[in-house]
file final-v6.cif (mmCIF, C-alpha atoms and all ligand atoms)
data_structure
loop_
_atom_site.label_atom_id
_atom_site.label_comp_id
_atom_site.auth_asym_id
_atom_site.auth_seq_id
_atom_site.Cartn_x
_atom_site.Cartn_y
_atom_site.Cartn_z
CA MET M 1 -23.79 138.88 17.56
CA THR M 2 -25.11 141.82 19.57
CA TYR M 3 -24.80 144.77 17.22
CA LEU M 4 -25.81 147.62 19.53
CA ALA M 5 -27.24 146.99 22.98
CA VAL M 6 -28.01 149.74 25.48
CA SER M 7 -28.82 148.26 28.88
CA HIS M 8 -30.30 149.98 31.92
CA VAL M 9 -28.84 153.40 31.13
CA THR M 10 -29.69 156.16 33.57
CA LYS M 11 -28.36 159.73 33.43
CA THR M 12 -29.24 162.57 35.76
CA PHE M 13 -28.25 166.22 35.62
CA GLY M 14 -28.58 167.58 39.16
CA GLY M 15 -32.11 166.54 40.12
CA LEU M 16 -33.26 166.09 36.53
CA VAL M 17 -33.54 162.56 35.14
CA ALA M 18 -32.56 162.83 31.45
CA LEU M 19 -32.47 159.05 30.91
CA ASP M 20 -34.31 156.60 33.16
CA ASP M 21 -33.30 152.91 32.98
CA CYS M 22 -33.26 152.77 29.16
CA SER M 23 -32.63 149.43 27.44
CA PHE M 24 -32.87 148.56 23.74
CA VAL M 25 -31.18 146.53 21.04
CA ILE M 26 -30.52 147.66 17.47
CA ALA M 27 -30.02 145.15 14.64
CA PRO M 28 -27.42 145.90 11.96
CA GLY M 29 -28.36 147.37 8.60
CA ARG M 30 -31.56 149.05 9.75
CA ILE M 31 -32.74 152.62 10.16
CA SER M 32 -34.10 153.28 13.65
CA CYS M 33 -35.78 156.61 14.36
CA VAL M 34 -35.63 158.06 17.85
CA VAL M 35 -38.75 160.13 18.50
CA GLY M 36 -40.47 161.85 21.42
CA PRO M 37 -41.44 165.30 22.68
CA ASN M 38 -38.89 168.01 23.49
CA GLY M 39 -36.69 167.09 26.44
CA ALA M 40 -37.55 163.37 26.12
CA GLY M 41 -33.88 162.29 26.22
CA LYS M 42 -33.24 161.72 22.50
CA THR M 43 -29.99 163.67 22.29
CA SER M 44 -28.92 162.32 25.69
CA ILE M 45 -29.15 158.74 24.45
CA PHE M 46 -27.06 159.76 21.41
CA ASN M 47 -24.52 161.28 23.78
CA VAL M 48 -24.33 158.09 25.83
CA VAL M 49 -23.96 155.80 22.80
CA THR M 50 -21.24 157.97 21.25
CA GLY M 51 -19.39 158.65 24.51
CA PHE M 52 -20.10 162.39 24.69
CA ILE M 53 -21.57 161.91 28.14
CA LYS M 54 -21.01 159.16 30.66
CA ALA M 55 -24.12 157.43 31.98
CA ASP M 56 -24.53 157.18 35.77
CA THR M 57 -25.42 153.50 35.39
CA GLY M 58 -25.87 151.03 32.56
CA THR M 59 -23.84 149.70 29.64
CA VAL M 60 -23.37 150.16 25.90
CA VAL M 61 -22.25 147.15 23.86
CA PHE M 62 -21.24 147.51 20.20
CA LYS M 63 -20.50 144.39 18.14
CA ASP M 64 -20.16 142.28 21.29
CA LYS M 65 -17.65 144.72 22.82
CA ASP M 66 -18.48 146.66 25.99
CA VAL M 67 -17.69 150.26 25.01
CA THR M 68 -19.20 151.88 28.12
CA SER M 69 -15.94 153.29 29.42
CA LEU M 70 -14.31 154.02 26.05
CA SER M 71 -13.67 157.61 24.98
CA ARG M 72 -15.64 159.12 22.11
CA HIS M 73 -12.49 158.91 19.93
CA ASP M 74 -12.06 155.20 20.61
CA ARG M 75 -15.72 154.67 19.72
CA VAL M 76 -15.18 156.48 16.41
CA ARG M 77 -12.24 154.16 15.72
CA LEU M 78 -14.52 151.19 16.41
CA GLY M 79 -17.07 152.52 13.90
CA ILE M 80 -19.56 154.73 15.77
CA ALA M 81 -19.94 158.31 14.50
CA ARG M 82 -22.54 161.04 14.72
CA THR M 83 -23.76 164.41 13.56
CA PHE M 84 -24.97 167.24 15.79
CA GLN M 85 -28.12 169.37 15.87
CA ASN M 86 -25.94 172.48 15.71
CA LEU M 87 -23.71 171.05 12.91
CA ARG M 88 -20.29 171.96 14.44
CA LEU M 89 -18.56 172.66 11.11
CA PHE M 90 -15.33 174.62 10.68
CA GLU M 91 -17.12 177.49 8.98
CA GLU M 92 -14.02 179.23 7.62
CA LEU M 93 -12.50 176.06 6.15
CA SER M 94 -13.37 174.70 2.71
CA ALA M 95 -15.78 171.81 2.36
CA LEU M 96 -12.78 169.64 1.40
CA ASP M 97 -10.81 170.57 4.54
CA ASN M 98 -13.89 169.97 6.72
CA VAL M 99 -13.93 166.39 5.43
CA LEU M 100 -10.13 165.97 5.44
CA VAL M 101 -9.88 166.55 9.19
CA CYS M 102 -12.30 163.67 9.78
CA LEU M 103 -10.49 161.13 7.60
CA ALA M 104 -8.91 158.33 9.60
CA ASP M 105 -5.12 158.63 9.84
CA GLU M 106 -3.02 156.11 7.99
CA ALA M 107 -0.51 154.09 9.98
CA GLY M 108 3.07 155.38 9.74
CA ASN M 109 2.06 158.91 8.83
CA GLY M 110 2.90 160.77 12.02
CA PRO M 111 5.19 163.85 12.44
CA LEU M 112 8.35 161.71 12.21
CA ALA M 113 7.27 160.35 8.86
CA ALA M 114 6.63 163.92 7.70
CA MET M 115 10.20 164.86 8.67
CA PHE M 116 12.03 161.85 7.24
CA ARG M 117 9.73 160.76 4.40
CA PRO M 118 8.22 163.99 3.06
CA PHE M 119 7.37 162.44 -0.31
CA HIS M 120 5.46 159.67 1.44
CA THR M 121 3.52 162.27 3.46
CA GLU M 122 2.77 164.23 0.31
CA ALA M 123 1.48 161.10 -1.40
CA VAL M 124 -0.72 160.30 1.61
CA LEU M 125 -2.16 163.84 1.57
CA LYS M 126 -2.90 163.55 -2.14
CA ARG M 127 -4.70 160.24 -1.56
CA LYS M 128 -6.67 161.73 1.32
CA LYS M 129 -7.70 164.77 -0.73
CA ALA M 130 -8.95 162.44 -3.46
CA GLU M 131 -10.88 160.42 -0.89
CA ALA M 132 -12.41 163.55 0.67
CA ALA M 133 -13.39 164.83 -2.79
CA ALA M 134 -15.03 161.48 -3.59
CA LEU M 135 -17.04 161.66 -0.36
CA LEU M 136 -18.19 165.18 -1.19
CA ASP M 137 -19.22 163.92 -4.61
CA GLU M 138 -21.14 161.08 -2.96
CA VAL M 139 -23.26 163.51 -0.91
CA GLY M 140 -23.85 165.77 -3.91
CA LEU M 141 -21.30 168.48 -3.03
CA GLY M 142 -18.72 167.63 -5.68
CA HIS M 143 -19.12 171.12 -7.13
CA LYS M 144 -18.50 172.83 -3.76
CA ILE M 145 -15.12 171.32 -2.81
CA GLU M 146 -13.19 174.61 -2.50
CA VAL M 147 -16.08 176.64 -1.07
CA PRO M 148 -15.85 177.66 2.62
CA ALA M 149 -18.47 175.90 4.72
CA ALA M 150 -19.82 179.32 5.71
CA SER M 151 -20.90 179.97 2.10
CA LEU M 152 -22.93 176.77 1.78
CA SER M 153 -26.72 176.74 2.13
CA TYR M 154 -28.12 175.16 5.29
CA GLY M 155 -29.11 172.01 3.38
CA GLN M 156 -25.61 171.75 1.87
CA LYS M 157 -24.07 172.17 5.33
CA LYS M 158 -26.13 169.24 6.57
CA LEU M 159 -24.91 167.12 3.65
CA LEU M 160 -21.34 168.20 4.47
CA CYS M 161 -21.92 166.82 7.99
CA ILE M 162 -22.84 163.47 6.40
CA ALA M 163 -19.63 163.51 4.34
CA ARG M 164 -17.65 164.15 7.55
CA VAL M 165 -19.29 161.16 9.26
CA LEU M 166 -18.54 158.99 6.22
CA ALA M 167 -14.89 160.10 6.39
CA THR M 168 -14.57 158.33 9.73
CA ARG M 169 -15.58 155.10 7.92
CA ALA M 170 -18.18 154.53 10.64
CA GLU M 171 -20.67 151.73 10.14
CA LEU M 172 -23.06 152.85 12.90
CA ILE M 173 -24.14 156.41 12.17
CA LEU M 174 -26.21 158.58 14.49
CA LEU M 175 -27.89 161.56 12.85
CA ASP M 176 -29.35 164.21 15.19
CA GLU M 177 -32.26 165.89 13.39
CA PRO M 178 -30.81 165.62 9.85
CA THR M 179 -33.95 167.04 8.20
CA SER M 180 -34.83 169.86 10.61
CA GLY M 181 -34.95 173.30 9.03
CA LEU M 182 -34.71 171.97 5.47
CA ALA M 183 -36.91 173.19 2.61
CA ALA M 184 -38.68 170.56 0.45
CA GLY M 185 -35.88 169.99 -2.11
CA ALA M 186 -33.09 169.72 0.46
CA LEU M 187 -35.29 167.55 2.63
CA ASP M 188 -35.85 165.07 -0.21
CA ALA M 189 -32.09 165.04 -0.90
CA MET M 190 -31.44 164.18 2.77
CA VAL M 191 -34.07 161.41 2.79
CA THR M 192 -32.47 159.93 -0.35
CA MET M 193 -29.04 160.20 1.30
CA ILE M 194 -30.29 158.32 4.37
CA HIS M 195 -31.69 155.52 2.18
CA THR M 196 -28.39 155.41 0.27
CA LEU M 197 -26.41 155.03 3.50
CA LYS M 198 -28.60 152.08 4.47
CA ALA M 199 -28.26 150.54 1.00
CA ARG M 200 -24.48 150.74 1.43
CA GLY M 201 -24.66 148.67 4.61
CA ARG M 202 -24.66 151.38 7.26
CA THR M 203 -26.82 151.12 10.39
CA LEU M 204 -28.54 154.37 11.29
CA LEU M 205 -30.05 155.89 14.41
CA VAL M 206 -31.90 159.08 13.53
CA VAL M 207 -33.51 161.66 15.80
CA GLU M 208 -36.49 162.83 13.78
CA HIS M 209 -39.40 165.08 14.79
CA ASN M 210 -41.40 164.90 11.60
CA THR M 211 -43.67 161.84 11.63
CA ARG M 212 -44.03 161.92 7.83
CA ILE M 213 -40.25 161.60 7.49
CA VAL M 214 -40.25 158.82 10.09
CA GLN M 215 -42.73 156.92 7.90
CA ARG M 216 -40.44 157.42 4.89
CA ILE M 217 -37.19 156.24 6.45
CA ALA M 218 -37.72 154.12 9.57
CA ASP M 219 -37.57 150.36 9.88
CA ASP M 220 -37.98 150.71 13.65
CA VAL M 221 -39.03 153.52 15.97
CA LEU M 222 -37.95 154.16 19.55
CA PHE M 223 -40.33 156.43 21.44
CA PHE M 224 -38.85 158.34 24.39
CA HIS M 225 -40.75 160.37 26.96
CA ARG M 226 -39.34 162.03 30.08
CA GLY M 227 -36.14 159.99 29.82
CA ARG M 228 -37.89 156.64 29.47
CA LEU M 229 -38.09 154.42 26.42
CA LEU M 230 -41.86 153.98 26.30
CA ALA M 231 -42.08 151.83 23.17
CA GLN M 232 -40.06 150.29 20.34
CA GLY M 233 -41.77 149.00 17.20
CA SER M 234 -42.49 149.50 13.52
CA PRO M 235 -43.51 153.01 12.33
CA ASP M 236 -47.11 151.78 11.92
CA GLU M 237 -47.21 150.27 15.42
CA ILE M 238 -45.92 153.46 16.99
CA THR M 239 -47.99 155.96 14.99
CA SER M 240 -51.21 153.99 15.46
CA ASN M 241 -50.75 153.85 19.25
CA GLU M 242 -53.25 156.39 20.60
CA GLU M 243 -51.57 156.76 23.99
CA LEU M 244 -48.22 157.65 22.33
CA GLY M 245 -50.06 160.01 19.97
CA ARG M 246 -51.54 161.87 22.92
CA ILE M 247 -48.09 162.19 24.53
CA TYR M 248 -46.46 163.34 21.30
CA PHE M 249 -49.11 165.80 20.15
CA GLY M 250 -50.64 166.60 23.52
CA ARG M 251 -48.59 169.77 23.94
CA GLY M 252 -49.89 171.25 20.69
CA ASP M 253 -46.43 170.77 19.11
CA GLU M 254 -46.29 170.74 15.31
CA HIS M 255 -44.72 167.47 14.13
N1 LIG M 301 -25.79 168.93 29.86
C1 LIG M 301 -26.99 169.02 30.44
N2 LIG M 301 -27.14 169.67 31.61
C2 LIG M 301 -28.34 169.76 32.22
N3 LIG M 301 -29.49 169.23 31.72
C3 LIG M 301 -29.40 168.59 30.54
C4 LIG M 301 -28.16 168.45 29.83
N4 LIG M 301 -28.39 167.74 28.69
C5 LIG M 301 -29.72 167.48 28.69
N5 LIG M 301 -30.32 167.97 29.78
C6 LIG M 301 -31.74 167.86 30.12
O1 LIG M 301 -32.10 166.50 29.98
C7 LIG M 301 -33.40 166.39 29.41
C8 LIG M 301 -33.30 165.58 28.13
O2 LIG M 301 -32.61 166.39 27.17
P1 LIG M 301 -32.32 165.93 25.69
O3 LIG M 301 -31.55 167.02 25.02
O4 LIG M 301 -31.74 164.58 25.69
O5 LIG M 301 -33.80 165.85 25.10
P2 LIG M 301 -34.29 165.76 23.59
O6 LIG M 301 -35.33 164.70 23.55
O7 LIG M 301 -33.11 165.60 22.68
O8 LIG M 301 -34.97 167.18 23.40
P3 LIG M 301 -35.11 168.12 22.08
O9 LIG M 301 -36.11 167.43 21.20
O10 LIG M 301 -35.65 169.38 22.66
O11 LIG M 301 -33.75 168.25 21.47
C9 LIG M 301 -33.90 167.80 29.19
O12 LIG M 301 -34.73 168.17 30.26
C10 LIG M 301 -32.63 168.63 29.16
O13 LIG M 301 -32.86 169.94 29.61
#
call {"tool": "encode", "arguments": {"input": "final-v6.cif", "output": "structure tokens", "more": "lines below"}}
Ligand SMILES: Nc1ncnc2c1ncn2[C@@H]1O[C@H](COP(=O)(O)OP(=O)(O)OP(=O)(O)O)[C@@H](O)[C@H]1O
result
Amino acid sequence: MTYLAVSHVTKTFGGLVALDDCSFVIAPGRISCVVGPNGAGKTSIFNVVTGFIKADTGTVVFKDKDVTSLSRHDRVRLGIARTFQNLRLFEELSALDNVLVCLADEAGNGPLAAMFRPFHTEAVLKRKKAEAAALLDEVGLGHKIEVPAASLSYGQKKLLCIARVLATRAELILLDEPTSGLAAGALDAMVTMIHTLKARGRTLLVVEHNTRIVQRIADDVLFFHRGRLLAQGSPDEITSNEELGRIYFGRGDEH
């Protein structure tokens, strides 16, 4: 079975080539880190895989199904979900409600059911609240259920984003810079969370700038530069490649 296959994807914005004929395959159950200098195309490839942008050319296949023309919502239903660099939480809502809105709807629980079978709807809501609370517990936020997202620390907000992704029941999870901006303790909690997701059978694609974190979490690394996938290999293969090192560190960036 082809788990995830991106083939010949190109995306331009005006004259700028954000993705240039990118092809790669991801095996299930692994953690693949997407690395490269600023503007390399890392977020763009996430956007193409999750349906947030449409590629000019190329295809995306997930579990043998061509999802290239599916909407982002249909892709979530098939099991592809993501987080964002800028989090996109409902800041004024509680942690619980932030997760609740991401929980998949149960069949037969539409507005008509609410009108004619209110007790059923109430029971469904109760079940969903319990499920959302369990997910918050799983990411270590069980004690913050009623707290508005705005009151959480930055590290807790990032964990809340993970709970929201889990609520979609996705099996392929794309995390856009999950460790950026985190202090040591929160960073270790996120690394542990990423390993836990893998241990529970999830497949992860992770945009990660910090090479030390890449070494701690990655089974495979995809190295992007100027929209092109320059290399795919093990963390050791990629970090020991002098040419890639020059590209990555050549701008004096701190990684
Ligand atoms: N919606 C857009 N409109 C115009 N240009 C865009 C758009 N999205 C991305 N780009 C451009 O495409 C290129 C790749 O951007 P992308 O965000 O994918 O890079 P990145 O590797 O994620 O960078 P960073 O590490 O800085 O987040 C950049 O030059 C960026 O400015």
call {"tool": "residues_near_ligand", "arguments": {"input": "final-v6.cif", "ligand": "ligand LIG 301 (chain M)", "cutoff": "9 Å", "atoms": "all atoms listed in the file", "output": "VMD selection string"}}
result
chain M and resid 11 to 14 16 to 19 34 to 47 53 85 176 to 177 207 to 209 224 to 227
call {"tool": "closest_residue", "arguments": {"input": "final-v6.cif", "among": "M:Ala130, M:Met193, M:Cys102, M:Ala5", "to": "Arg77 (chain M)", "atoms": "all atoms listed in the file"}}
result
M:Cys102
call {"tool": "atom_distance", "arguments": {"input": "final-v6.cif", "atom1": "CA of Asp97 (chain M)", "atom2": "CA of Leu166 (chain M)"}}
result
14.0 Å
call {"tool": "atom_distance", "arguments": {"input": "final-v6.cif", "atom1": "CA of Val67 (chain M)", "atom2": "CA of Gln232 (chain M)"}}
result
22.9 Å
call {"tool": "closest_residue", "arguments": {"input": "final-v6.cif", "among": "M:Val139, M:Val101, M:Leu174, M:Ala95", "to": "Leu152 (chain M)", "atoms": "all atoms listed in the file"}}
result
M:Ala95
call {"tool": "atom_distance", "arguments": {"input": "final-v6.cif", "atom1": "CA of Ile238 (chain M)", "atom2": "CA of Cys33 (chain M)"}}
result
10.9 Å
call {"tool": "closest_residue", "arguments": {"input": "final-v6.cif", "among": "M:Ala199, M:Cys161, M:Ala218, M:Ala149", "to": "Asn86 (chain M)", "atoms": "only C-alpha atoms"}}
result
M:Cys161
call {"tool": "residues_around", "arguments": {"input": "final-v6.cif", "residues": "Ile26 (chain M)", "least_positions_apart": "4", "cutoff": "9 Å", "atoms": "only C-alpha atoms", "output": "PyMOL selection string"}}
result
chain M and resi 2-6+30+32+203+205+220
call {"tool": "closest_residue", "arguments": {"input": "final-v6.cif", "among": "M:Asp64, M:Glu171, M:Glu242, M:Asp105", "to": "Ala81 (chain M)", "atoms": "all atoms listed in the file"}}
result
M:Glu171
call {"tool": "residues_around", "arguments": {"input": "final-v6.cif", "residues": "Ile173 (chain M)", "least_positions_apart": "4", "cutoff": "12 Å", "atoms": "only C-alpha atoms", "output": "PyMOL selection string"}}
result
chain M and resi 4+28-33+46+49-50+75-76+78-84+161-169+178+194+197-198+201-207
call {"tool": "write_last_selection", "arguments": {"input": "final-v6.cif", "atoms": "C-alpha atoms", "output": "PDB file, in the coordinates of the input"}}
result
ATOM      1  CA  LEU M   4     -25.810 147.620  19.530  1.00  0.00           C
ATOM      2  CA  PRO M  28     -27.420 145.900  11.960  1.00  0.00           C
ATOM      3  CA  GLY M  29     -28.360 147.370   8.600  1.00  0.00           C
ATOM      4  CA  ARG M  30     -31.560 149.050   9.750  1.00  0.00           C
ATOM      5  CA  ILE M  31     -32.740 152.620  10.160  1.00  0.00           C
ATOM      6  CA  SER M  32     -34.100 153.280  13.650  1.00  0.00           C
ATOM      7  CA  CYS M  33     -35.780 156.610  14.360  1.00  0.00           C
ATOM      8  CA  PHE M  46     -27.060 159.760  21.410  1.00  0.00           C
ATOM      9  CA  VAL M  49     -23.960 155.800  22.800  1.00  0.00           C
ATOM     10  CA  THR M  50     -21.240 157.970  21.250  1.00  0.00           C
ATOM     11  CA  ARG M  75     -15.720 154.670  19.720  1.00  0.00           C
ATOM     12  CA  VAL M  76     -15.180 156.480  16.410  1.00  0.00           C
ATOM     13  CA  LEU M  78     -14.520 151.190  16.410  1.00  0.00           C
ATOM     14  CA  GLY M  79     -17.070 152.520  13.900  1.00  0.00           C
ATOM     15  CA  ILE M  80     -19.560 154.730  15.770  1.00  0.00           C
ATOM     16  CA  ALA M  81     -19.940 158.310  14.500  1.00  0.00           C
ATOM     17  CA  ARG M  82     -22.540 161.040  14.720  1.00  0.00           C
ATOM     18  CA  THR M  83     -23.760 164.410  13.560  1.00  0.00           C
ATOM     19  CA  PHE M  84     -24.970 167.240  15.790  1.00  0.00           C
ATOM     20  CA  CYS M 161     -21.920 166.820   7.990  1.00  0.00           C
ATOM     21  CA  ILE M 162     -22.840 163.470   6.400  1.00  0.00           C
ATOM     22  CA  ALA M 163     -19.630 163.510   4.340  1.00  0.00           C
ATOM     23  CA  ARG M 164     -17.650 164.150   7.550  1.00  0.00           C
ATOM     24  CA  VAL M 165     -19.290 161.160   9.260  1.00  0.00           C
ATOM     25  CA  LEU M 166     -18.540 158.990   6.220  1.00  0.00           C
ATOM     26  CA  ALA M 167     -14.890 160.100   6.390  1.00  0.00           C
ATOM     27  CA  THR M 168     -14.570 158.330   9.730  1.00  0.00           C
ATOM     28  CA  ARG M 169     -15.580 155.100   7.920  1.00  0.00           C
ATOM     29  CA  PRO M 178     -30.810 165.620   9.850  1.00  0.00           C
ATOM     30  CA  ILE M 194     -30.290 158.320   4.370  1.00  0.00           C
ATOM     31  CA  LEU M 197     -26.410 155.030   3.500  1.00  0.00           C
ATOM     32  CA  LYS M 198     -28.600 152.080   4.470  1.00  0.00           C
ATOM     33  CA  GLY M 201     -24.660 148.670   4.610  1.00  0.00           C
ATOM     34  CA  ARG M 202     -24.660 151.380   7.260  1.00  0.00           C
ATOM     35  CA  THR M 203     -26.820 151.120  10.390  1.00  0.00           C
ATOM     36  CA  LEU M 204     -28.540 154.370  11.290  1.00  0.00           C
ATOM     37  CA  LEU M 205     -30.050 155.890  14.410  1.00  0.00           C
ATOM     38  CA  VAL M 206     -31.900 159.080  13.530  1.00  0.00           C
ATOM     39  CA  VAL M 207     -33.510 161.660  15.800  1.00  0.00           C
TER      40      VAL M 207
END
call {"tool": "axis_aligned_box", "arguments": {"input": "final-v6.cif", "around": "region 41-51 of chain M", "padding_each_side": "8 Å", "output": "AutoDock Vina command-line options"}}
result
--center_x -26.6 --center_y 159.7 --center_z 23.7 --size_x 30.5 --size_y 23.9 --size_z 21.0
call {"tool": "decode", "arguments": {"input": "final-v6.cif", "residues": "region 187-223 of chain M", "atoms": "C-alpha atoms", "output": "JSON list (two decimals), in the first residue's frame"}}
result
[["chain", "number", "residue", "atom", "x", "y", "z"],
["M", 187, "LEU", "CA", 10.13, 21.36, 24.87],
["M", 188, "ASP", "CA", 10.83, 18.02, 26.56],
["M", 189, "ALA", "CA", 7.08, 17.54, 27.14],
["M", 190, "MET", "CA", 6.45, 18.11, 23.41],
["M", 191, "VAL", "CA", 9.22, 15.69, 22.38],
["M", 192, "THR", "CA", 7.71, 13.05, 24.69],
["M", 193, "MET", "CA", 4.26, 13.76, 23.22],
["M", 194, "ILE", "CA", 5.59, 13.25, 19.68],
["M", 195, "HIS", "CA", 7.14, 9.91, 20.66],
["M", 196, "THR", "CA", 3.86, 8.91, 22.34],
["M", 197, "LEU", "CA", 1.88, 9.69, 19.18],
["M", 198, "LYS", "CA", 4.22, 7.45, 17.19],
["M", 199, "ALA", "CA", 3.97, 4.69, 19.81],
["M", 200, "ARG", "CA", 0.18, 4.85, 19.44],
["M", 201, "GLY", "CA", 0.45, 4.15, 15.71],
["M", 202, "ARG", "CA", 0.30, 7.67, 14.29],
["M", 203, "THR", "CA", 2.44, 8.73, 11.33],
["M", 204, "LEU", "CA", 4.00, 12.16, 11.75],
["M", 205, "LEU", "CA", 5.41, 14.82, 9.46],
["M", 206, "VAL", "CA", 7.10, 17.51, 11.53],
["M", 207, "VAL", "CA", 8.57, 20.85, 10.43],
["M", 208, "GLU", "CA", 11.50, 21.30, 12.78],
["M", 209, "HIS", "CA", 14.28, 23.91, 12.74],
["M", 210, "ASN", "CA", 16.30, 22.62, 15.66],
["M", 211, "THR", "CA", 18.73, 19.92, 14.49],
["M", 212, "ARG", "CA", 19.11, 18.56, 18.04],
["M", 213, "ILE", "CA", 15.35, 17.96, 18.18],
["M", 214, "VAL", "CA", 15.47, 16.38, 14.72],
["M", 215, "GLN", "CA", 18.06, 13.91, 16.05],
["M", 216, "ARG", "CA", 15.77, 13.12, 19.00],
["M", 217, "ILE", "CA", 12.57, 12.46, 17.06],
["M", 218, "ALA", "CA", 13.19, 11.71, 13.38],
["M", 219, "ASP", "CA", 13.23, 8.36, 11.66],
["M", 220, "ASP", "CA", 13.59, 10.14, 8.31],
["M", 221, "VAL", "CA", 14.49, 13.66, 7.25],
["M", 222, "LEU", "CA", 13.36, 15.56, 4.17],
["M", 223, "PHE", "CA", 15.61, 18.49, 3.31]]
